[in-house]
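File shown here: entry_20.cif, holding mmCIF, C-alpha atoms and all ligand atoms.
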```
data_final
loop_
_atom_site.label_atom_id
_atom_site.label_comp_id
_atom_site.auth_asym_id
_atom_site.auth_seq_id
_atom_site.Cartn_x
_atom_site.Cartn_y
_atom_site.Cartn_z
CA MET A 1 -6.81 11.21 24.86
CA ILE A 2 -3.25 10.39 25.87
CA GLN A 3 -0.45 11.39 23.50
CA GLU A 4 2.97 9.77 23.85
CA VAL A 5 5.46 12.63 23.50
CA ILE A 6 8.85 13.78 24.69
CA ILE A 7 8.80 16.44 27.40
CA THR A 8 11.78 18.79 27.62
CA THR A 9 12.28 20.90 30.73
CA VAL A 10 15.14 22.99 32.05
CA ASN A 11 16.36 23.46 35.61
CA PRO A 12 17.02 26.96 37.04
CA GLN A 13 20.60 26.76 35.71
CA GLY A 14 19.25 26.12 32.18
CA VAL A 15 20.29 22.46 31.95
CA CYS A 16 17.81 20.58 29.77
CA HIS A 17 16.18 17.27 30.75
CA ILE A 18 14.51 14.98 28.17
CA ALA A 19 11.82 12.44 29.17
CA PRO A 20 9.10 10.46 27.36
CA MET A 21 5.69 11.01 28.95
CA GLY A 22 2.05 10.24 28.16
CA VAL A 23 0.31 13.62 28.18
CA HIS A 24 -3.44 13.74 28.81
CA VAL A 25 -5.10 16.17 26.41
CA GLU A 26 -8.51 17.59 27.34
CA ALA A 27 -9.63 20.39 25.02
CA ASP A 28 -7.00 23.13 25.45
CA GLN A 29 -5.62 21.63 28.64
CA TYR A 30 -2.51 19.44 28.82
CA ILE A 31 -1.97 17.32 31.94
CA ILE A 32 1.48 15.85 32.63
CA LEU A 33 1.64 13.07 35.24
CA PRO A 34 5.20 12.29 36.39
CA PHE A 35 5.78 9.50 38.91
CA LYS A 36 7.79 10.75 41.92
CA PRO A 37 10.73 11.15 42.05
CA SER A 38 11.04 12.93 38.72
CA THR A 39 13.44 15.48 37.26
CA THR A 40 10.65 16.64 34.93
CA LEU A 41 8.48 17.38 37.97
CA GLU A 42 11.27 19.23 39.81
CA ASN A 43 12.09 21.32 36.75
CA MET A 44 8.47 22.23 36.06
CA LEU A 45 7.86 23.23 39.67
CA ALA A 46 11.03 25.35 39.60
CA THR A 47 10.47 27.11 36.26
CA GLY A 48 6.72 26.84 35.55
CA HIS A 49 7.36 25.71 31.97
CA ALA A 50 7.75 22.65 29.74
CA VAL A 51 7.92 21.82 26.04
CA ILE A 52 5.98 19.02 24.35
CA ASN A 53 7.98 17.51 21.44
CA TYR A 54 5.96 15.57 18.85
CA CYS A 55 8.51 13.07 17.53
CA ASP A 56 8.53 10.13 15.15
CA ASP A 57 12.22 9.32 15.79
CA VAL A 58 11.56 6.58 18.31
CA ARG A 59 15.27 6.36 19.16
CA ILE A 60 14.62 9.31 21.49
CA PHE A 61 11.89 7.42 23.40
CA ALA A 62 14.07 4.29 23.65
CA GLY A 63 17.25 6.28 24.20
CA CYS A 64 15.97 8.09 27.30
CA LEU A 65 15.41 4.71 28.97
CA THR A 66 18.68 3.12 27.85
CA GLY A 67 21.29 5.79 28.51
CA HIS A 68 21.24 7.60 25.13
CA ARG A 69 20.05 11.07 26.16
CA ASP A 70 22.28 13.35 24.11
CA TRP A 71 19.85 14.64 21.44
CA PRO A 72 20.33 17.98 19.63
CA LEU A 73 18.29 20.85 21.11
CA LEU A 74 17.19 24.33 20.00
CA SER A 75 15.94 27.31 22.02
CA ALA A 76 12.19 27.64 22.62
CA GLU A 77 10.62 30.80 21.18
CA THR A 78 8.38 32.13 23.98
CA ILE A 79 9.57 30.47 27.22
CA PRO A 80 12.91 29.71 28.85
CA GLY A 81 13.36 26.18 27.52
CA GLN A 82 14.53 23.99 24.66
CA TYR A 83 12.98 21.68 22.09
CA LEU A 84 14.35 18.69 20.19
CA SER A 85 15.68 19.51 16.74
CA ALA A 86 14.18 16.15 15.64
CA ALA A 87 10.63 17.21 16.62
CA LEU A 88 8.02 17.29 13.85
CA ALA A 89 6.36 20.02 15.91
CA HIS A 90 6.60 21.36 19.42
CA SER A 91 4.34 23.18 21.89
CA GLU A 92 5.52 25.53 24.61
CA LEU A 93 3.55 25.21 27.86
CA SER A 94 3.07 27.16 31.05
CA LEU A 95 2.21 25.37 34.29
CA GLU A 96 -1.12 26.66 35.57
CA ARG A 97 -2.02 24.41 38.50
CA VAL A 98 -0.64 21.43 40.43
CA GLU A 99 -2.63 18.68 42.10
CA ASP A 100 -0.02 17.12 44.36
CA ASP A 101 0.00 13.41 45.11
CA GLN A 102 2.35 11.04 46.98
CA ILE A 103 2.86 8.92 43.87
CA ARG A 104 1.83 10.82 40.73
CA PRO A 105 1.03 14.56 40.85
CA ARG A 106 -1.04 16.12 38.07
CA LEU A 107 0.49 19.14 36.35
CA PHE A 108 -2.14 21.18 34.51
CA CYS A 109 -0.64 23.20 31.67
CA ARG A 110 -1.75 25.74 29.10
CA ARG A 111 -0.35 25.79 25.59
CA LEU A 112 1.22 29.16 24.77
CA HIS A 113 2.77 28.54 21.35
CA THR A 114 3.06 25.73 18.78
CA VAL A 115 5.50 25.48 15.87
CA SER A 116 5.37 22.96 13.04
CA HIS A 117 8.78 21.92 11.67
CA ARG A 118 8.18 19.07 9.18
CA PRO A 119 5.29 16.93 7.94
CA PHE A 120 3.94 13.81 9.65
CA GLN A 121 4.95 10.78 7.55
CA GLY A 122 2.16 8.35 8.46
CA PHE A 123 1.80 5.58 11.01
CA ASN A 124 4.43 2.86 11.33
CA ARG A 125 3.95 -0.38 13.26
CA ALA A 126 7.60 -0.67 14.23
CA GLN A 127 7.48 2.77 15.84
CA TYR A 128 4.47 1.65 17.87
CA ALA A 129 6.34 -1.56 18.81
CA VAL A 130 9.35 0.44 20.02
CA LEU A 131 7.13 2.73 22.15
CA GLU A 132 5.44 -0.27 23.76
CA ALA A 133 8.77 -2.01 24.35
CA ALA A 134 10.15 1.21 25.90
CA ILE A 135 7.19 1.26 28.30
CA LEU A 136 8.00 -2.37 29.23
CA VAL A 137 11.61 -1.31 29.91
CA SER A 138 10.38 1.52 32.15
CA ARG A 139 8.53 -1.14 34.20
CA LEU A 140 11.31 -3.76 34.50
CA GLY A 141 11.25 -5.18 38.03
CA ARG A 142 7.54 -4.45 38.39
CA LEU A 143 6.14 -6.69 35.62
CA PRO A 144 6.42 -10.52 35.56
CA TRP A 145 8.84 -11.91 32.94
CA GLN A 146 6.05 -13.98 31.40
CA LYS A 147 4.12 -10.79 30.52
CA ILE A 148 7.23 -9.04 29.19
CA ASP A 149 8.18 -12.01 27.01
CA SER A 150 4.69 -12.54 25.60
CA GLU A 151 4.24 -8.83 24.80
CA LEU A 152 7.67 -8.66 23.12
CA ALA A 153 6.85 -11.74 21.01
CA TYR A 154 3.70 -10.00 19.72
CA LEU A 155 5.38 -6.61 19.17
CA ARG A 156 8.24 -8.27 17.26
CA ILE A 157 5.80 -9.37 14.49
CA GLY A 158 4.90 -5.82 13.41
CA PHE A 159 8.41 -4.60 14.16
CA GLU A 160 10.09 -7.09 11.81
CA LYS A 161 7.70 -6.38 8.95
CA THR A 162 7.97 -2.57 9.00
CA ALA A 163 11.11 -1.30 10.79
CA GLY A 164 13.62 1.10 9.22
CA PRO A 165 17.16 1.81 10.48
CA GLN A 166 16.08 4.16 13.32
CA GLU A 167 13.58 1.65 14.65
CA HIS A 168 16.21 -1.15 14.47
CA GLU A 169 18.66 0.94 16.46
CA ALA A 170 16.03 1.81 19.10
CA TRP A 171 14.85 -1.81 19.38
CA GLY A 172 18.45 -3.00 19.76
CA TRP A 173 19.05 -0.64 22.72
CA LEU A 174 15.85 -1.83 24.41
CA MET A 175 16.59 -5.55 23.93
CA GLN A 176 20.14 -5.04 25.22
CA THR A 177 18.75 -3.34 28.34
CA ILE A 178 16.22 -6.11 28.93
CA ASP A 179 18.88 -8.84 28.43
CA HIS A 180 21.27 -7.06 30.80
CA TYR A 181 18.57 -6.64 33.45
CA ARG A 182 17.54 -10.29 33.16
CA ALA A 183 21.14 -11.55 33.42
CA HIS A 184 21.76 -9.36 36.48
CA GLU A 185 18.54 -10.35 38.18
CA VAL A 186 19.28 -14.06 37.70
CA SER A 187 22.90 -13.72 38.86
CA ASP A 188 21.75 -11.76 41.95
CA VAL A 189 19.47 -14.60 43.13
C1 LIG B 201 5.98 6.11 25.88
C2 LIG B 201 6.35 6.37 27.31
C3 LIG B 201 5.47 7.07 28.13
C4 LIG B 201 5.83 7.35 29.47
N1 LIG B 201 4.95 8.06 30.24
C5 LIG B 201 5.31 8.39 31.51
C6 LIG B 201 4.44 9.21 32.32
O1 LIG B 201 3.35 9.63 31.91
N2 LIG B 201 4.87 9.51 33.59
C7 LIG B 201 6.09 9.08 34.07
O2 LIG B 201 6.43 9.41 35.21
N3 LIG B 201 6.90 8.30 33.33
C8 LIG B 201 6.54 7.95 32.07
N4 LIG B 201 7.40 7.18 31.31
C9 LIG B 201 8.69 6.75 31.88
C10 LIG B 201 9.62 7.96 31.98
O3 LIG B 201 9.95 8.50 30.71
C11 LIG B 201 10.93 7.64 32.69
O4 LIG B 201 10.69 6.91 33.86
C12 LIG B 201 11.63 8.93 33.02
O5 LIG B 201 12.86 8.66 33.60
C13 LIG B 201 10.75 9.86 33.88
O6 LIG B 201 11.40 10.42 34.99
P1 LIG B 201 12.16 11.84 34.93
O7 LIG B 201 11.16 12.93 34.85
O8 LIG B 201 12.95 11.82 36.20
O9 LIG B 201 13.04 11.75 33.72
C14 LIG B 201 7.06 6.89 29.98
C15 LIG B 201 7.94 6.18 29.15
C16 LIG B 201 7.59 5.91 27.84
C17 LIG B 201 8.53 5.15 26.96
#
```
Translate this structure into structure tokens?
Ligand SMILES: Cc1cc2nc3c(=O)[nH]c(=O)nc-3n(C[C@H](O)[C@H](O)[C@H](O)COP(=O)(O)O)c2cc1C
Amino acid sequence: MIQEVIITTVNPQGVCHIAPMGVHVEADQYIILPFKPSTTLENMLATGHAVINYCDDVRIFAGCLTGHRDWPLLSAETIPGQYLSAALAHSELSLERVEDDQIRPRLFCRRLHTVSHRPFQGFNRAQYAVLEAAILVSRLGRLPWQKIDSELAYLRIGFEKTAGPQEHEAWGWLMQTIDHYRAHEVSDV
């Protein structure tokens, strides 16, 4: 199974980096697959640790891809690292093994410690729509506009029926980024 989460890592100077990632979960093993180049990859290779943040505030997913990266952090309990204060729960990981690759290395991790902070509130279609739109934003320039536009048209249906204020803010950042990219691309031709 792949879980869409926020990975927090620190560099050797203790500066925290926040990035959405799809983590592959196989029994007790967590595999993180960052595309090179990646700050998450560099930090994990340097420190041997990462934190998985289980978050339903989708502004953090959208924010990391649209220039809003300043989210409140707290100190991890068993590793040198930090977790998001918005996390419903977080897991502290140690890096056990690396399978290097030119494009996308595989970082095999073991979970050392998990803390639950607040209850899961149930599924929400607008949150799903924001995650999918954030993935589209992460692939701007690599996907054809026809695919982006048709996927957004579908996602907008569930979004408009179920979004709350956080989802509206996140969606707004993503649409602004897409519009800006499109305008630039056209004016560059
Ligand atoms: C839901 C979601 C899942 C993502 N999963 C991955 C992933 O598994 N690997 C990856 O390299 N980038 C993934 N991305 C894109 C990264 O978050 C983004 O490119 C980020 O800048 C990663 O590079 P960094 O480690 O340098 O921050 C994902 C984005 C979203 C919104």
Across A:Met21, A:Cys55, A:Cys64, A:Leu112, the smallest distance to ligand LIG 201 (chain B), with only C-alpha atoms and all ligand atoms counted, is shown by A:Met21
Item checked: Thr9 in chain A surroundings by all atoms listed in the file, 8 Å radius, close-in-sequence under 3 positions cut, as a list in words -> Cys16, His17, Ile18, Thr40, Asn43, Met44, His49, Ala50, Val51, Gly81 and Gln82 of chain A
Do you have, as CSV, the list of residues of chain A lying at most 10 Å from ligand LIG 201 (chain B), each with its nearest atom pair and that distance in Å to one decimal, counting all atoms listed in the file and ordered by chain then number?
```
residue,atom,partner,partner_atom,distance
A:Ile2,CA,B:LIG201,O1,9.0
A:Gln3,CA,B:LIG201,C1,8.7
A:Glu4,CA,B:LIG201,C1,5.2
A:Val5,CA,B:LIG201,C1,7.0
A:Ile6,CA,B:LIG201,O3,8.1
A:Ile7,CA,B:LIG201,O7,8.6
A:Thr8,CA,B:LIG201,O7,9.3
A:Thr9,CA,B:LIG201,O7,9.0
A:His17,CA,B:LIG201,O9,7.0
A:Ile18,CA,B:LIG201,O9,6.6
A:Ala19,CA,B:LIG201,O3,4.6
A:Pro20,CA,B:LIG201,O3,4.0
A:Met21,CA,B:LIG201,N1,3.3
A:Gly22,CA,B:LIG201,O1,4.0
A:Val23,CA,B:LIG201,O1,6.3
A:His24,CA,B:LIG201,O1,8.5
A:Ile31,CA,B:LIG201,O1,9.4
A:Ile32,CA,B:LIG201,O1,6.5
A:Leu33,CA,B:LIG201,N2,5.1
A:Pro34,CA,B:LIG201,O2,3.3
A:Phe35,CA,B:LIG201,O2,3.8
A:Lys36,CA,B:LIG201,O2,7.0
A:Pro37,CA,B:LIG201,O8,6.3
A:Ser38,CA,B:LIG201,O8,3.4
A:Thr39,CA,B:LIG201,O8,3.8
A:Thr40,CA,B:LIG201,O7,3.7
A:Leu41,CA,B:LIG201,O7,6.1
A:Glu42,CA,B:LIG201,O7,8.0
A:Asn43,CA,B:LIG201,O7,8.7
A:Met44,CA,B:LIG201,O7,9.8
A:Val58,CA,B:LIG201,C17,9.3
A:Ile60,CA,B:LIG201,C17,9.2
A:Phe61,CA,B:LIG201,C17,5.4
A:Ala62,CA,B:LIG201,C17,6.5
A:Gly63,CA,B:LIG201,C17,9.2
A:Cys64,CA,B:LIG201,O3,6.9
A:Leu65,CA,B:LIG201,C11,6.5
A:Thr66,CA,B:LIG201,O5,9.9
A:Ile103,CA,B:LIG201,O2,9.4
A:Arg104,CA,B:LIG201,O2,7.3
A:Pro105,CA,B:LIG201,O2,9.4
A:Arg106,CA,B:LIG201,N2,9.9
A:Tyr128,CA,B:LIG201,C1,9.3
A:Val130,CA,B:LIG201,C17,8.4
A:Leu131,CA,B:LIG201,C1,5.2
A:Glu132,CA,B:LIG201,C1,6.7
A:Ala133,CA,B:LIG201,C17,7.6
A:Ala134,CA,B:LIG201,C17,4.4
A:Ile135,CA,B:LIG201,C17,4.3
A:Leu136,CA,B:LIG201,C17,7.9
A:Val137,CA,B:LIG201,C17,7.7
A:Ser138,CA,B:LIG201,C9,5.5
A:Arg139,CA,B:LIG201,C9,8.2
```
Quick one, how far is CA of Ala89 in chain A from CA of Asn11 in chain A?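 That distance, rounded to one decimal, is 22.4 Å.
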Mind checking which residues fall within 8 Å of Leu84 in chain A, counting all atoms listed in the file, ignoring those fewer than 6 positions away in the same chain, and posting them as a ChimeraX atom specification? /A:8,53,71-74
Same residues, C-alpha atoms, saved as a PDB file, keeping the file's coordinate frame:
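What follows is the written file part_33.pdb:
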```pdb
ATOM      1  CA  THR A   8      11.780  18.790  27.620  1.00  0.00           C
ATOM      2  CA  ASN A  53       7.980  17.510  21.440  1.00  0.00           C
ATOM      3  CA  TRP A  71      19.850  14.640  21.440  1.00  0.00           C
ATOM      4  CA  PRO A  72      20.330  17.980  19.630  1.00  0.00           C
ATOM      5  CA  LEU A  73      18.290  20.850  21.110  1.00  0.00           C
ATOM      6  CA  LEU A  74      17.190  24.330  20.000  1.00  0.00           C
TER       7      LEU A  74
END
```
